Amino acid sequence: MRRKIIAANWKMNFVPLEAKAFAAELVPLVDVDDVDVVICAPHVMLCPVRTATKDTRVAVGVQNMHFEDKGAYTGEISAPMLAHFDVEYVILGHSERRAYFAETDALVNKKAKKALAAGLIPIICVGETLEQREQNITIEFIRIQTKLALAGIDSADAAKVVIAYEPIWAIGTGVTATAEQAEEACAALRQVLAEIYDKDTAEKIRIQYGGSVTPGNAAELFAQPNIDGALVGGASLSLDFEKIVKYGGG
Ligand code: 13P
């Protein structure tokens, strides 16, 4: 039985003082033992979030990292730096990074390997555009994204990874994939994981759904057999996130 994992992706929101106040209010409400809860904050808010989550079951994550440990990469942040701040998770290959910062599948793969080497758990995002869905190539496309992201990662490491299925047309739009659409994609992802590795490994890997998740649709999404939680954007910026976490508790 896979444990559900519900992660907040704050994206580029809050300033540190706001993050401090919100985290102080939120964390006690989502410090639960039946679901893994993660707050993925901007790097400069790691200190307040880490303070709020100290001695709780709520984990800290970030939304990006560089693919090298150190070097002449102006403005970048590496996995070992993040590990020093007790960061446990890192979102990789979010569609916003792919779209606005030209992140490729090869880059996501390099980052995933570095994250795992530093002891961080990558939350690897895959998902199709509306055009691709209309062309009926959703499954093919997310299968390839997954294969490229995991290239060269062995099954022991892969078992730790979280995959987030985030259809781009559902992100920040208020249009959620139906539970059937989300389950179909997540089941296909589990199938490709079984092909890359084996059934046992595929059964261990957690697959989240992301894209306009709210307290109103979380329960139905979480009831699907291949959906192991959510990556939440907009609704993670308010106490709605607590309600979503409660639905994950079963
Ligand atoms: P929304 O929940 O705002 O649609 O964002 C989803 C997302 O991109 C999470 O990573």
# chains A, B, ... in the order shown; residues from 1 in each chain; ligands from 1

$ select_by_dssp --residues "range 61-165 of chain A" --states "strand (DSSP E or B)" --output "list of chain:residue names"
A:Gly61, A:Val62, A:Tyr89, A:Val90, A:Ile91, A:Leu92, A:Ile121, A:Pro122, A:Ile123, A:Ile124, A:Cys125, A:Val126, A:Val162, A:Ile163, A:Ala164, A:Tyr165

$ residues_around --residues "range 128-137 of chain A" --least-positions-apart "3" --cutoff "6 Å" --atoms "only C-alpha atoms" --output "NGL selection string"
:A and (140-141 or 167-169)

$ write_last_selection --atoms "N, CA and C atoms" --output "PDB file, in the first residue's frame"
ATOM      1  N   GLU A 140       1.356   8.627 -25.039  1.00  0.00           N
ATOM      2  CA  GLU A 140       2.658   8.471 -25.695  1.00  0.00           C
ATOM      3  C   GLU A 140       3.645   9.512 -25.173  1.00  0.00           C
ATOM      4  N   PHE A 141       3.158  10.759 -25.075  1.00  0.00           N
ATOM      5  CA  PHE A 141       4.018  11.876 -24.688  1.00  0.00           C
ATOM      6  C   PHE A 141       4.504  11.722 -23.237  1.00  0.00           C
ATOM      7  N   PRO A 167      -1.271  17.736 -16.222  1.00  0.00           N
ATOM      8  CA  PRO A 167      -1.647  18.188 -17.558  1.00  0.00           C
ATOM      9  C   PRO A 167      -1.584  19.712 -17.610  1.00  0.00           C
ATOM     10  N   ILE A 168      -0.876  20.235 -18.582  1.00  0.00           N
ATOM     11  CA  ILE A 168      -0.590  21.676 -18.609  1.00  0.00           C
ATOM     12  C   ILE A 168      -1.877  22.492 -18.697  1.00  0.00           C
ATOM     13  N   TRP A 169      -2.851  21.970 -19.394  1.00  0.00           N
ATOM     14  CA  TRP A 169      -4.117  22.686 -19.574  1.00  0.00           C
ATOM     15  C   TRP A 169      -4.912  22.776 -18.269  1.00  0.00           C
TER      16      TRP A 169
END

$ residues_around --residues "Ala182 in chain A" --least-positions-apart "2" --cutoff "9 Å" --atoms "only C-alpha atoms" --output "PDB file with all heavy atoms, in the first residue's frame"
ATOM      1  N   TYR A 165       1.877  13.793 -12.359  1.00  0.00           N
ATOM      2  CA  TYR A 165       1.206  13.976 -13.644  1.00  0.00           C
ATOM      3  C   TYR A 165       0.437  15.283 -13.591  1.00  0.00           C
ATOM      4  O   TYR A 165      -0.534  15.406 -12.837  1.00  0.00           O
ATOM      5  CB  TYR A 165       0.255  12.811 -13.942  1.00  0.00           C
ATOM      6  CG  TYR A 165      -0.655  13.128 -15.115  1.00  0.00           C
ATOM      7  CD1 TYR A 165      -0.129  13.392 -16.371  1.00  0.00           C
ATOM      8  CD2 TYR A 165      -2.035  13.220 -14.960  1.00  0.00           C
ATOM      9  CE1 TYR A 165      -0.943  13.741 -17.440  1.00  0.00           C
ATOM     10  CE2 TYR A 165      -2.863  13.564 -16.024  1.00  0.00           C
ATOM     11  CZ  TYR A 165      -2.299  13.833 -17.257  1.00  0.00           C
ATOM     12  OH  TYR A 165      -3.109  14.186 -18.309  1.00  0.00           O
ATOM     13  N   GLU A 166       0.924  16.263 -14.355  1.00  0.00           N
ATOM     14  CA  GLU A 166       0.289  17.587 -14.353  1.00  0.00           C
ATOM     15  C   GLU A 166      -0.053  17.986 -15.788  1.00  0.00           C
ATOM     16  O   GLU A 166       0.808  18.534 -16.505  1.00  0.00           O
ATOM     17  CB  GLU A 166       1.248  18.633 -13.763  1.00  0.00           C
ATOM     18  CG  GLU A 166       1.581  18.391 -12.309  1.00  0.00           C
ATOM     19  CD  GLU A 166       1.912  19.696 -11.586  1.00  0.00           C
ATOM     20  OE1 GLU A 166       2.706  20.498 -12.088  1.00  0.00           O
ATOM     21  OE2 GLU A 166       1.329  19.918 -10.519  1.00  0.00           O
ATOM     22  N   PRO A 167      -1.271  17.736 -16.222  1.00  0.00           N
ATOM     23  CA  PRO A 167      -1.647  18.188 -17.558  1.00  0.00           C
ATOM     24  C   PRO A 167      -1.584  19.712 -17.610  1.00  0.00           C
ATOM     25  O   PRO A 167      -2.163  20.387 -16.742  1.00  0.00           O
ATOM     26  CB  PRO A 167      -3.082  17.676 -17.726  1.00  0.00           C
ATOM     27  CG  PRO A 167      -3.564  17.328 -16.364  1.00  0.00           C
ATOM     28  CD  PRO A 167      -2.374  17.094 -15.496  1.00  0.00           C
ATOM     29  N   THR A 176      -9.955  21.138 -13.934  1.00  0.00           N
ATOM     30  CA  THR A 176      -9.242  19.951 -13.450  1.00  0.00           C
ATOM     31  C   THR A 176      -9.480  18.813 -14.429  1.00  0.00           C
ATOM     32  O   THR A 176     -10.556  18.728 -15.022  1.00  0.00           O
ATOM     33  CB  THR A 176      -9.830  19.495 -12.096  1.00  0.00           C
ATOM     34  OG1 THR A 176     -10.119  20.642 -11.341  1.00  0.00           O
ATOM     35  CG2 THR A 176      -8.873  18.615 -11.345  1.00  0.00           C
ATOM     36  N   ALA A 177      -8.491  17.942 -14.562  1.00  0.00           N
ATOM     37  CA  ALA A 177      -8.744  16.709 -15.306  1.00  0.00           C
ATOM     38  C   ALA A 177      -9.828  15.957 -14.539  1.00  0.00           C
ATOM     39  O   ALA A 177      -9.883  16.025 -13.309  1.00  0.00           O
ATOM     40  CB  ALA A 177      -7.476  15.879 -15.382  1.00  0.00           C
ATOM     41  N   THR A 178     -10.690  15.256 -15.254  1.00  0.00           N
ATOM     42  CA  THR A 178     -11.661  14.443 -14.524  1.00  0.00           C
ATOM     43  C   THR A 178     -10.890  13.327 -13.827  1.00  0.00           C
ATOM     44  O   THR A 178      -9.755  13.000 -14.215  1.00  0.00           O
ATOM     45  CB  THR A 178     -12.689  13.804 -15.478  1.00  0.00           C
ATOM     46  OG1 THR A 178     -11.986  12.913 -16.357  1.00  0.00           O
ATOM     47  CG2 THR A 178     -13.432  14.852 -16.272  1.00  0.00           C
ATOM     48  N   ALA A 179     -11.512  12.742 -12.840  1.00  0.00           N
ATOM     49  CA  ALA A 179     -10.852  11.644 -12.122  1.00  0.00           C
ATOM     50  C   ALA A 179     -10.504  10.524 -13.108  1.00  0.00           C
ATOM     51  O   ALA A 179      -9.448   9.897 -12.995  1.00  0.00           O
ATOM     52  CB  ALA A 179     -11.762  11.138 -11.015  1.00  0.00           C
ATOM     53  N   GLU A 180     -11.348  10.312 -14.103  1.00  0.00           N
ATOM     54  CA  GLU A 180     -11.098   9.250 -15.097  1.00  0.00           C
ATOM     55  C   GLU A 180      -9.877   9.592 -15.948  1.00  0.00           C
ATOM     56  O   GLU A 180      -9.032   8.743 -16.198  1.00  0.00           O
ATOM     57  CB  GLU A 180     -12.316   9.053 -16.012  1.00  0.00           C
ATOM     58  CG  GLU A 180     -13.545   8.453 -15.342  1.00  0.00           C
ATOM     59  CD  GLU A 180     -14.232   9.424 -14.371  1.00  0.00           C
ATOM     60  OE1 GLU A 180     -14.159  10.660 -14.579  1.00  0.00           O
ATOM     61  OE2 GLU A 180     -14.829   8.944 -13.383  1.00  0.00           O
ATOM     62  N   GLU A 184      -6.466   7.492 -15.849  1.00  0.00           N
ATOM     63  CA  GLU A 184      -5.979   6.851 -17.075  1.00  0.00           C
ATOM     64  C   GLU A 184      -4.492   7.174 -17.287  1.00  0.00           C
ATOM     65  O   GLU A 184      -3.685   6.288 -17.584  1.00  0.00           O
ATOM     66  CB  GLU A 184      -6.793   7.341 -18.286  1.00  0.00           C
ATOM     67  CG  GLU A 184      -6.397   6.648 -19.575  1.00  0.00           C
ATOM     68  CD  GLU A 184      -6.839   7.394 -20.833  1.00  0.00           C
ATOM     69  OE1 GLU A 184      -7.181   8.597 -20.752  1.00  0.00           O
ATOM     70  OE2 GLU A 184      -6.825   6.767 -21.900  1.00  0.00           O
ATOM     71  N   ALA A 185      -4.151   8.452 -17.096  1.00  0.00           N
ATOM     72  CA  ALA A 185      -2.754   8.863 -17.296  1.00  0.00           C
ATOM     73  C   ALA A 185      -1.849   8.252 -16.219  1.00  0.00           C
ATOM     74  O   ALA A 185      -0.752   7.761 -16.521  1.00  0.00           O
ATOM     75  CB  ALA A 185      -2.664  10.380 -17.285  1.00  0.00           C
ATOM     76  N   CYS A 186      -2.301   8.269 -14.970  1.00  0.00           N
ATOM     77  CA  CYS A 186      -1.463   7.752 -13.891  1.00  0.00           C
ATOM     78  C   CYS A 186      -1.283   6.236 -14.019  1.00  0.00           C
ATOM     79  O   CYS A 186      -0.204   5.692 -13.744  1.00  0.00           O
ATOM     80  CB  CYS A 186      -2.032   8.145 -12.527  1.00  0.00           C
ATOM     81  SG  CYS A 186      -1.936   9.935 -12.247  1.00  0.00           S
ATOM     82  N   ALA A 187      -2.324   5.544 -14.464  1.00  0.00           N
ATOM     83  CA  ALA A 187      -2.210   4.097 -14.686  1.00  0.00           C
ATOM     84  C   ALA A 187      -1.220   3.824 -15.816  1.00  0.00           C
ATOM     85  O   ALA A 187      -0.415   2.882 -15.745  1.00  0.00           O
ATOM     86  CB  ALA A 187      -3.582   3.503 -15.018  1.00  0.00           C
ATOM     87  N   TYR A 209      -1.246  13.574  -8.834  1.00  0.00           N
ATOM     88  CA  TYR A 209      -1.925  14.365  -9.861  1.00  0.00           C
ATOM     89  C   TYR A 209      -1.769  15.830  -9.473  1.00  0.00           C
ATOM     90  O   TYR A 209      -1.837  16.180  -8.285  1.00  0.00           O
ATOM     91  CB  TYR A 209      -3.423  14.016  -9.956  1.00  0.00           C
ATOM     92  CG  TYR A 209      -4.146  15.063 -10.775  1.00  0.00           C
ATOM     93  CD1 TYR A 209      -4.049  15.027 -12.166  1.00  0.00           C
ATOM     94  CD2 TYR A 209      -4.811  16.127 -10.168  1.00  0.00           C
ATOM     95  CE1 TYR A 209      -4.631  16.041 -12.932  1.00  0.00           C
ATOM     96  CE2 TYR A 209      -5.397  17.134 -10.932  1.00  0.00           C
ATOM     97  CZ  TYR A 209      -5.300  17.082 -12.312  1.00  0.00           C
ATOM     98  OH  TYR A 209      -5.850  18.081 -13.069  1.00  0.00           O
ATOM     99  N   LEU A 221     -10.292  12.426  -6.740  1.00  0.00           N
ATOM    100  CA  LEU A 221      -8.986  12.114  -7.341  1.00  0.00           C
ATOM    101  C   LEU A 221      -8.246  11.086  -6.489  1.00  0.00           C
ATOM    102  O   LEU A 221      -7.698  10.098  -6.995  1.00  0.00           O
ATOM    103  CB  LEU A 221      -8.153  13.396  -7.477  1.00  0.00           C
ATOM    104  CG  LEU A 221      -8.631  14.388  -8.547  1.00  0.00           C
ATOM    105  CD1 LEU A 221      -8.043  15.776  -8.321  1.00  0.00           C
ATOM    106  CD2 LEU A 221      -8.277  13.876  -9.952  1.00  0.00           C
ATOM    107  N   GLN A 224      -8.849   7.248  -6.698  1.00  0.00           N
ATOM    108  CA  GLN A 224      -8.416   6.461  -7.867  1.00  0.00           C
ATOM    109  C   GLN A 224      -7.230   5.570  -7.471  1.00  0.00           C
ATOM    110  O   GLN A 224      -6.332   6.013  -6.754  1.00  0.00           O
ATOM    111  CB  GLN A 224      -8.006   7.397  -9.016  1.00  0.00           C
ATOM    112  CG  GLN A 224      -9.080   8.392  -9.422  1.00  0.00           C
ATOM    113  CD  GLN A 224     -10.388   7.712  -9.791  1.00  0.00           C
ATOM    114  OE1 GLN A 224     -10.403   6.752 -10.553  1.00  0.00           O
ATOM    115  NE2 GLN A 224     -11.478   8.196  -9.214  1.00  0.00           N
ATOM    116  N   ASN A 226      -4.529   4.585  -8.910  1.00  0.00           N
ATOM    117  CA  ASN A 226      -3.145   4.922  -9.268  1.00  0.00           C
ATOM    118  C   ASN A 226      -2.760   6.347  -8.926  1.00  0.00           C
ATOM    119  O   ASN A 226      -1.692   6.810  -9.307  1.00  0.00           O
ATOM    120  CB  ASN A 226      -2.918   4.651 -10.759  1.00  0.00           C
ATOM    121  CG  ASN A 226      -2.799   3.168 -11.011  1.00  0.00           C
ATOM    122  OD1 ASN A 226      -1.808   2.542 -10.617  1.00  0.00           O
ATOM    123  ND2 ASN A 226      -3.831   2.577 -11.592  1.00  0.00           N
ATOM    124  N   ILE A 227      -3.625   7.057  -8.217  1.00  0.00           N
ATOM    125  CA  ILE A 227      -3.310   8.436  -7.816  1.00  0.00           C
ATOM    126  C   ILE A 227      -2.927   8.431  -6.329  1.00  0.00           C
ATOM    127  O   ILE A 227      -3.736   8.111  -5.470  1.00  0.00           O
ATOM    128  CB  ILE A 227      -4.484   9.392  -8.102  1.00  0.00           C
ATOM    129  CG1 ILE A 227      -4.772   9.399  -9.620  1.00  0.00           C
ATOM    130  CG2 ILE A 227      -4.177  10.806  -7.606  1.00  0.00           C
ATOM    131  CD1 ILE A 227      -5.925  10.293 -10.050  1.00  0.00           C
TER     132      ILE A 227
END

$ residues_near_ligand --ligand "ligand 1" --cutoff "8 Å" --atoms "only C-alpha atoms and all ligand atoms" --output "count of residues only"
26

$ residues_around --residues "Gly119 in chain A" --least-positions-apart "2" --cutoff "9 Å" --atoms "only C-alpha atoms" --output "list in words"
Ala79, Pro80, Ala83, Glu88, Tyr89, Lys114, Ala115, Leu116, Ala117 and Ile121 of chain A

$ write_last_selection --atoms "N, CA, C and O atoms" --output "compact mmCIF listing (two decimals), in the first residue's frame"
# COMPACT_ATOMS: atom_id res chain seq x y z
N ALA A 79 22.16 20.76 -5.20
CA ALA A 79 21.55 19.79 -4.29
C ALA A 79 22.27 19.73 -2.93
O ALA A 79 21.59 19.72 -1.89
N PRO A 80 23.60 19.69 -2.90
CA PRO A 80 24.24 19.67 -1.57
C PRO A 80 23.92 20.90 -0.73
O PRO A 80 23.80 20.81 0.49
N ALA A 83 20.49 20.22 0.69
CA ALA A 83 20.51 19.16 1.70
C ALA A 83 20.94 19.74 3.05
O ALA A 83 20.45 19.35 4.11
N GLU A 88 14.15 17.95 1.77
CA GLU A 88 14.01 16.52 1.47
C GLU A 88 13.50 16.27 0.05
O GLU A 88 13.70 15.18 -0.48
N TYR A 89 12.79 17.24 -0.51
CA TYR A 89 12.18 17.03 -1.83
C TYR A 89 12.54 18.18 -2.77
O TYR A 89 12.72 19.31 -2.32
N LYS A 114 21.39 13.99 -9.75
CA LYS A 114 22.10 14.76 -8.72
C LYS A 114 21.29 14.85 -7.43
O LYS A 114 21.82 14.78 -6.33
N ALA A 115 19.99 15.02 -7.57
CA ALA A 115 19.13 15.11 -6.39
C ALA A 115 19.24 13.81 -5.59
O ALA A 115 19.48 13.83 -4.38
N LEU A 116 19.10 12.70 -6.28
CA LEU A 116 19.15 11.40 -5.60
C LEU A 116 20.51 11.19 -4.95
O LEU A 116 20.59 10.69 -3.82
N ALA A 117 21.57 11.60 -5.63
CA ALA A 117 22.92 11.43 -5.08
C ALA A 117 23.09 12.23 -3.79
O ALA A 117 23.84 11.83 -2.90
N ILE A 121 14.66 13.74 -2.66
CA ILE A 121 13.68 12.99 -3.45
C ILE A 121 13.13 13.89 -4.55
O ILE A 121 12.50 14.92 -4.26

$ closest_atom_pairs --of "range 8-109 of chain A" --to "range 143-150 of chain A" --cutoff "9 Å" --atoms "only C-alpha atoms" --output "JSON lines"
{"residue": "A:Gly93", "atom": "CA", "partner": "A:Ala149", "partner_atom": "CA", "distance": 8.7}
{"residue": "A:Asp105", "atom": "CA", "partner": "A:Ala149", "partner_atom": "CA", "distance": 5.8}
{"residue": "A:Ala106", "atom": "CA", "partner": "A:Leu148", "partner_atom": "CA", "distance": 6.7}
{"residue": "A:Leu107", "atom": "CA", "partner": "A:Ala149", "partner_atom": "CA", "distance": 8.3}
{"residue": "A:Val108", "atom": "CA", "partner": "A:Ala149", "partner_atom": "CA", "distance": 5.8}
{"residue": "A:Asn109", "atom": "CA", "partner": "A:Ala149", "partner_atom": "CA", "distance": 4.3}

$ select_by_dssp --residues "range 139-235 of chain A" --states "helix (DSSP H, G or I)" --output "ChimeraX atom specification"
/A:139-149,155-158,168-170,179-196,199-204,218-222,234-235

$ atom_distance --atom1 "CA of Ile5 in chain A" --atom2 "CA of Pro48 in chain A"
22.0 Å

$ atom_distance --atom1 "CA of Val27 in chain A" --atom2 "CA of Ala223 in chain A"
24.5 Å
